[in-house]
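Notes to accompany the following structure.
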Amino acid sequence: FSDVLALPIFKQEDSSLPQENETKHPPFQYVMCAATSPAVKLYDETLTYLNQGQSYEIRMLDNRKAGDIPEINGKLVKSIIRVVFHDRRLQYTEHQQLEGWKWNRPGDRLLDLDIPMSVGVIDIKTNPSQLNAVEFLWDPTKCTSAFIQVHCISTEFTPRKHGGEKGVPFRIQVDTFKQTENGEYTDHLHSASCQIKVFKPKGADRKQKTDREKMEKRTAHEKEKYQPSYDTTVLTEMRLEPIIEDAVEHEQKKSSKRTLPADYGDSLAKRGSCSPWPDTPTTFVNNSPTPAPTFTSAQHNTYSVPDSNSSSPNHQGDGTSQGSGDQLHPSATIQETQQWLLKNRFSTYTRLFSNFSGADLLKLTREDLVQICGPADGIRLYNALKSRSVRPRLTIYVCQEPLRSIQLERQEAGNGDSSNGAIYVYHAIYLEEMAASEVTRKLALAFNIPLHQINQVYRQGPTGIHILVSDQMVQNFQDESCFLFTTIKAENGEGFHIILK
């Protein structure tokens with residue numbers, strides 16, 4: 001670690017920093033063991049090339065002087081490592097970009113922690129809703145190294161209209177927090193980041209070699225304009241002021257008619273990061289034991305991530321005059337269209353479609369919506385507009401068996417012909433989940449039976465035995481099977497059982 005601290009990058013700051021800033025040093029330093037590019041101008045930020053999927057060490061160093069932040073002495077701190085966009089343009093559409101990547105790479109993560117190689121990291125967690133972040137606890141007084149793997153490459157976020165475009169730069173960002181009185185790690189201490197580009201395996205090595213060969217061909221005078229390549233990359237502390245100014249200017253340009261609140265810059269300062277960090281949706285908080293902390297306040301929630309396990313909207317509108325809440329009609333007004341977007345979990349795009357009526361929105365093609373909203377949300381919005389329902393996984397037909405007295409009456413009326421099927425009316429039961437609970441619920445809905453009164457569902461087997469309907473049995477039902485069902489009173493007299501025949 002002492003070798004790292006003796007790097008020239010620290011020495012070059014001695015003469016340029018004022019004396020008063022000598023005491024303003026960061027409490028932590030993060031050093032990534034990857035060489036910087038030699039083809040970077042002297043006063044520009046360093047650029048580091050990484051190979052896709054390769055493990056790179058980030059050393060977590062305690063840089064405090066005696067007496068600095070005494071409240072964390074003997075305690076753990078929490079760090080969150082993220083890969084984010086460097087370009088401001090992509091930062092504003094980060095959610096759509098990551099959703100598009102997720103759509104093209106299902107099951108993959110943008111960032112992973114190589115746990116076997118990491119040292120001193122404790123309680124490692126990844127949130128399924130944040131594929132670009134990992135978090136862990138560590139002790140500043142002990143040697144700590146986190147080995148990261150970046151799985152997205154820079155060219156995955158370029159237009160690719162003509163091929164061969166330069167890939168977009170990313171940032172590796174580390175945010176560190178201390179524990180609050182209530183035991184949560186949400187008190188921000190320090191943030192630092194560095195600029196990277198990610199290439200396919202071994203591509204970073206070739207790019208580094210190419211840059212080095214280009215620099216060797218330059219004259220000595222030209223070389224003076226470029227900074228040397230260092231063996232390691234020091235993540236630089238992030239300053240919030242320019243970030244806040246850029247964000248405020250961007251918001252002002254987006255709508256000249258709208259006046260930003262006076263505390264808009266202050267609210268951005270509380271974020272403590274250069275890239276937007278969306279509030280963790282409630283649906284994911286329930287699924288994750290310890291969701292990653294959020295720095296934005298609730299009123300500045302940028303994104304609304306849908307819950308894939310639910311077919312009902314997370315955000316219900318205040319009510320709409322359209323006959324069906326699920327169908328957007330061409331006659332819908334601008335206000336009704338906004339309510340439809342909210343109800344169907346497209347709140348992110350209400351501002352974008354603020355002047356669209358129902359007819360305007362319905363005129364957009366699938367390609368238009370994908371280009372506007374990204375692949376994931378664009379296809380979802382297209383399907384919602386066209387009311388494209390999900391094909392059920394299993395369909396069964398069920399009929400309630402008539403009472404025996406009714407059967408006898410019909411047989412007498414038909415001269416004993418028991419083949420009269422007029423009383424056998426079947427209902428189609430569409431199952432989205434192959435589970436016994438889904439069968440029970442759909443039966444209750446189809447035949448207006450109170451769900452709480454159904455104790456068990458059985459299937460009549462050989463010799464008339466009653467077999468409990470389980471998830472495994474439902475999974476082995478043949479599609480479009482037909483059943484008659486009857487009800488019998490439960491043994492305790494409370495509710496009844498359903499028997500499928």
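Labels used: A, B, ... for chains in the order of the structure tokens, numbers from 1 for residues in each chain, and numbers from 1 for ligands as shown.
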I want to know what sits within 8 Å of Phe170 in chain A, based on only C-alpha atoms, with residues of the same chain fewer than 4 positions away left out; could you give that as a PDB file with N, CA, C and O atoms, in the first residue's frame?
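Output contents, as saved in result05.pdb:
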ATOM      1  N   VAL A  83     -20.921   0.974 -11.650  1.00  0.00           N
ATOM      2  CA  VAL A  83     -20.458   1.383 -12.973  1.00  0.00           C
ATOM      3  C   VAL A  83     -21.579   2.238 -13.552  1.00  0.00           C
ATOM      4  O   VAL A  83     -22.724   1.803 -13.645  1.00  0.00           O
ATOM      5  N   VAL A  84     -21.253   3.490 -13.886  1.00  0.00           N
ATOM      6  CA  VAL A  84     -22.242   4.453 -14.370  1.00  0.00           C
ATOM      7  C   VAL A  84     -21.721   5.101 -15.649  1.00  0.00           C
ATOM      8  O   VAL A  84     -20.574   4.900 -16.044  1.00  0.00           O
ATOM      9  N   PHE A  85     -22.567   5.889 -16.270  1.00  0.00           N
ATOM     10  CA  PHE A  85     -22.171   6.558 -17.510  1.00  0.00           C
ATOM     11  C   PHE A  85     -21.357   7.814 -17.198  1.00  0.00           C
ATOM     12  O   PHE A  85     -21.641   8.535 -16.249  1.00  0.00           O
ATOM     13  N   HIS A  86     -20.383   8.079 -18.045  1.00  0.00           N
ATOM     14  CA  HIS A  86     -19.585   9.299 -17.916  1.00  0.00           C
ATOM     15  C   HIS A  86     -20.269  10.469 -18.614  1.00  0.00           C
ATOM     16  O   HIS A  86     -20.291  11.583 -18.094  1.00  0.00           O
ATOM     17  N   ASP A  87     -20.847  10.227 -19.789  1.00  0.00           N
ATOM     18  CA  ASP A  87     -21.487  11.298 -20.557  1.00  0.00           C
ATOM     19  C   ASP A  87     -22.767  11.751 -19.864  1.00  0.00           C
ATOM     20  O   ASP A  87     -23.596  10.929 -19.471  1.00  0.00           O
ATOM     21  N   SER A 154     -18.216  -0.926 -23.829  1.00  0.00           N
ATOM     22  CA  SER A 154     -18.526   0.458 -24.176  1.00  0.00           C
ATOM     23  C   SER A 154     -19.327   0.582 -25.462  1.00  0.00           C
ATOM     24  O   SER A 154     -20.139   1.491 -25.616  1.00  0.00           O
ATOM     25  N   GLN A 195     -12.580   7.400 -14.747  1.00  0.00           N
ATOM     26  CA  GLN A 195     -13.136   7.173 -16.081  1.00  0.00           C
ATOM     27  C   GLN A 195     -12.538   5.906 -16.680  1.00  0.00           C
ATOM     28  O   GLN A 195     -11.326   5.687 -16.624  1.00  0.00           O
ATOM     29  N   ILE A 196     -13.409   5.074 -17.270  1.00  0.00           N
ATOM     30  CA  ILE A 196     -12.940   3.819 -17.865  1.00  0.00           C
ATOM     31  C   ILE A 196     -13.603   3.603 -19.220  1.00  0.00           C
ATOM     32  O   ILE A 196     -14.611   4.228 -19.537  1.00  0.00           O
ATOM     33  N   LYS A 197     -13.016   2.727 -20.010  1.00  0.00           N
ATOM     34  CA  LYS A 197     -13.655   2.159 -21.192  1.00  0.00           C
ATOM     35  C   LYS A 197     -13.471   0.651 -21.118  1.00  0.00           C
ATOM     36  O   LYS A 197     -12.407   0.166 -20.716  1.00  0.00           O
ATOM     37  N   VAL A 198     -14.512  -0.074 -21.488  1.00  0.00           N
ATOM     38  CA  VAL A 198     -14.492  -1.529 -21.367  1.00  0.00           C
ATOM     39  C   VAL A 198     -14.527  -2.151 -22.757  1.00  0.00           C
ATOM     40  O   VAL A 198     -15.372  -1.801 -23.584  1.00  0.00           O
TER      41      VAL A 198
END
For Val121 in chain A, work out the shell of residues within 9 Å, counting only C-alpha atoms and skipping chain neighbours fewer than 6 positions away, then give it as a PyMOL selection string.
chain A and resi 115+136-139+144-146
Please write the residues from the selection above to a file, keeping N, CA, C and O atoms, as a PDB file, in the first residue's frame.
ATOM      1  N   ILE A 115     -15.901 -12.541  -5.398  1.00  0.00           N
ATOM      2  CA  ILE A 115     -15.847 -12.761  -3.948  1.00  0.00           C
ATOM      3  C   ILE A 115     -14.633 -13.597  -3.530  1.00  0.00           C
ATOM      4  O   ILE A 115     -13.952 -13.245  -2.555  1.00  0.00           O
ATOM      5  N   PHE A 136     -20.971  -3.597   0.181  1.00  0.00           N
ATOM      6  CA  PHE A 136     -20.358  -4.445   1.202  1.00  0.00           C
ATOM      7  C   PHE A 136     -19.920  -3.571   2.375  1.00  0.00           C
ATOM      8  O   PHE A 136     -19.838  -2.334   2.276  1.00  0.00           O
ATOM      9  N   LEU A 137     -19.619  -4.215   3.492  1.00  0.00           N
ATOM     10  CA  LEU A 137     -19.066  -3.545   4.665  1.00  0.00           C
ATOM     11  C   LEU A 137     -17.579  -3.851   4.736  1.00  0.00           C
ATOM     12  O   LEU A 137     -17.118  -4.904   4.296  1.00  0.00           O
ATOM     13  N   TRP A 138     -16.808  -2.933   5.327  1.00  0.00           N
ATOM     14  CA  TRP A 138     -15.384  -3.173   5.495  1.00  0.00           C
ATOM     15  C   TRP A 138     -14.849  -2.359   6.665  1.00  0.00           C
ATOM     16  O   TRP A 138     -15.447  -1.360   7.078  1.00  0.00           O
ATOM     17  N   ASP A 139     -13.730  -2.810   7.188  1.00  0.00           N
ATOM     18  CA  ASP A 139     -13.085  -2.169   8.334  1.00  0.00           C
ATOM     19  C   ASP A 139     -11.936  -1.300   7.823  1.00  0.00           C
ATOM     20  O   ASP A 139     -10.966  -1.822   7.254  1.00  0.00           O
ATOM     21  N   THR A 144      -8.124  -4.038   2.865  1.00  0.00           N
ATOM     22  CA  THR A 144      -9.361  -4.392   2.167  1.00  0.00           C
ATOM     23  C   THR A 144      -9.162  -4.214   0.670  1.00  0.00           C
ATOM     24  O   THR A 144      -8.689  -3.167   0.221  1.00  0.00           O
ATOM     25  N   SER A 145      -9.529  -5.232  -0.082  1.00  0.00           N
ATOM     26  CA  SER A 145      -9.464  -5.173  -1.540  1.00  0.00           C
ATOM     27  C   SER A 145     -10.730  -5.787  -2.106  1.00  0.00           C
ATOM     28  O   SER A 145     -11.102  -6.908  -1.731  1.00  0.00           O
ATOM     29  N   ALA A 146     -11.379  -5.058  -3.001  1.00  0.00           N
ATOM     30  CA  ALA A 146     -12.572  -5.558  -3.678  1.00  0.00           C
ATOM     31  C   ALA A 146     -12.221  -5.779  -5.142  1.00  0.00           C
ATOM     32  O   ALA A 146     -11.767  -4.852  -5.826  1.00  0.00           O
TER      33      ALA A 146
END
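Minimum atom-to-atom distance to Leu500 in chain A, evaluated using only C-alpha atoms, belongs to A:Cys399 out of A:Ala436, A:Ala444, A:Cys399, A:Ile429.
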Please, what distance in Å, to one decimal, runs between CA of Ser229 in chain A and CA of Ala204 in chain A?
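Those two atoms sit 14.1 Å apart.
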Residues at most 12 Å from range 72-76 of chain A, counting only C-alpha atoms, excluding those fewer than 3 positions away in the same chain, as an MDAnalysis selection string?
chainID A and resid 27 62 64 66:69 79 120:123 136:142 144 176:180 183:185 187 189
If you run DSSP on this backbone, which residues of range 32-200 of chain A come out as alpha helix (DSSP H), and could you give them as a PyMOL selection string?
chain A and resi 88-91+94-104
As a tab-separated table (two decimals) with C-alpha atoms, in the first residue's frame, list the residues of range 133-172 of chain A assigned to strand (DSSP E) by DSSP on the backbone atoms of this structure.
chain	number	residue	atom	x	y	z
A	133	ALA	CA	-24.03	-1.88	-8.23
A	134	VAL	CA	-22.55	-4.04	-5.47
A	135	GLU	CA	-22.30	-3.15	-1.78
A	136	PHE	CA	-20.36	-4.45	1.20
A	137	LEU	CA	-19.07	-3.54	4.66
A	138	TRP	CA	-15.38	-3.17	5.49
A	144	THR	CA	-9.36	-4.39	2.17
A	145	SER	CA	-9.46	-5.17	-1.54
A	146	ALA	CA	-12.57	-5.56	-3.68
A	147	PHE	CA	-12.14	-7.32	-7.03
A	148	ILE	CA	-14.73	-6.14	-9.55
A	149	GLN	CA	-15.82	-7.49	-12.93
A	150	VAL	CA	-17.49	-5.25	-15.51
A	170	PHE	CA	-18.07	4.68	-18.12
A	171	ARG	CA	-17.16	5.61	-14.56
A	172	ILE	CA	-16.28	3.36	-11.67
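Across the structure, CA of Leu131 in chain A and CA of Gln208 in chain A are spaced 27.8 Å apart.
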Do a neighbour search on Thr46 in chain A at 8 Å with only C-alpha atoms, toss out local chain neighbours closer than 4 positions, and write the hits as an MDAnalysis selection string.
chainID A and resid 36:37 40 194:195 233
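Excluding Glu99 in chain A itself and any same-chain residue fewer than 6 positions from it, the protein and nucleic acid residues within 10 Å of it, counting only C-alpha atoms, are Arg105, Leu131, Val305, Cys373, Gly374, Pro375, Ala376 and Asp377 of chain A.
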Could you tell me which of A:Ala384, A:Met32, A:Leu47, A:Ala192 comes closest to Arg345 in chain A if we count only C-alpha atoms?
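Counting only C-alpha atoms, the residue closest to Arg345 in chain A is A:Ala384.
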In Å, how far is it from CA of Met434 in chain A to CA of Leu385 in chain A?
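Rounded to one decimal, the two atoms are 27.6 Å apart.
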Just want the 8 Å neighbourhood of Ser481 in chain A, counted on only C-alpha atoms, with same-chain residues fewer than 4 positions away dropped. Output as an mmCIF file with all heavy atoms, in the first residue's frame.
data_model
loop_
_atom_site.group_PDB
_atom_site.id
_atom_site.type_symbol
_atom_site.label_atom_id
_atom_site.label_comp_id
_atom_site.auth_asym_id
_atom_site.auth_seq_id
_atom_site.Cartn_x
_atom_site.Cartn_y
_atom_site.Cartn_z
ATOM 1 N N THR A 395 -55.018 -23.884 -19.908
ATOM 2 C CA THR A 395 -56.460 -23.645 -19.960
ATOM 3 C C THR A 395 -57.179 -24.938 -19.604
ATOM 4 O O THR A 395 -56.863 -26.003 -20.162
ATOM 5 C CB THR A 395 -56.888 -23.184 -21.363
ATOM 6 O OG1 THR A 395 -56.177 -21.994 -21.715
ATOM 7 C CG2 THR A 395 -58.381 -22.903 -21.401
ATOM 8 N N ILE A 396 -58.108 -24.857 -18.661
ATOM 9 C CA ILE A 396 -58.953 -26.008 -18.325
ATOM 10 C C ILE A 396 -60.408 -25.563 -18.381
ATOM 11 O O ILE A 396 -60.699 -24.369 -18.232
ATOM 12 C CB ILE A 396 -58.616 -26.600 -16.941
ATOM 13 C CG1 ILE A 396 -58.814 -25.547 -15.838
ATOM 14 C CG2 ILE A 396 -57.214 -27.176 -16.898
ATOM 15 C CD1 ILE A 396 -58.611 -26.101 -14.429
ATOM 16 N N TYR A 397 -61.308 -26.524 -18.620
ATOM 17 C CA TYR A 397 -62.727 -26.238 -18.686
ATOM 18 C C TYR A 397 -63.414 -26.945 -17.520
ATOM 19 O O TYR A 397 -63.230 -28.156 -17.313
ATOM 20 C CB TYR A 397 -63.314 -26.706 -20.021
ATOM 21 C CG TYR A 397 -62.598 -26.107 -21.212
ATOM 22 C CD1 TYR A 397 -61.836 -26.894 -22.068
ATOM 23 C CD2 TYR A 397 -62.664 -24.742 -21.459
ATOM 24 C CE1 TYR A 397 -61.161 -26.349 -23.144
ATOM 25 C CE2 TYR A 397 -62.005 -24.177 -22.555
ATOM 26 C CZ TYR A 397 -61.248 -24.985 -23.384
ATOM 27 O OH TYR A 397 -60.589 -24.429 -24.445
ATOM 28 N N PHE A 477 -51.322 -31.203 -15.443
ATOM 29 C CA PHE A 477 -52.604 -31.154 -16.135
ATOM 30 C C PHE A 477 -52.358 -31.010 -17.642
ATOM 31 O O PHE A 477 -51.460 -30.277 -18.072
ATOM 32 C CB PHE A 477 -53.432 -29.951 -15.673
ATOM 33 C CG PHE A 477 -54.196 -30.172 -14.390
ATOM 34 C CD1 PHE A 477 -54.840 -29.120 -13.763
ATOM 35 C CD2 PHE A 477 -54.280 -31.429 -13.810
ATOM 36 C CE1 PHE A 477 -55.542 -29.303 -12.584
ATOM 37 C CE2 PHE A 477 -54.975 -31.633 -12.627
ATOM 38 C CZ PHE A 477 -55.611 -30.568 -12.011
#
Using only C-alpha atoms, find the one residue out of A:Val425, A:Ile80, A:Leu468, A:Leu50 that sits nearest to Pro169 in chain A.
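The closest residue to Pro169 in chain A is A:Leu50.
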Polymer residues at most 12 Å from Ile449 in chain A, only C-alpha atoms, same-chain spacing of 4 or more positions, as a VMD selection string:
chain A and resid 400 440 to 445 453 to 455 487 495 to 498
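With only C-alpha atoms as the atoms that count, the residue of A:Ser118, A:Leu381, A:Ser193, A:Thr158 with the shortest distance to Leu90 in chain A is A:Thr158.
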Using only C-alpha atoms, which residue out of A:Leu394, A:Asn448, A:Gly107, A:Tyr226 lies closest to Asp479 in chain A?
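Distance minimum relative to Asp479 in chain A lands on A:Leu394.
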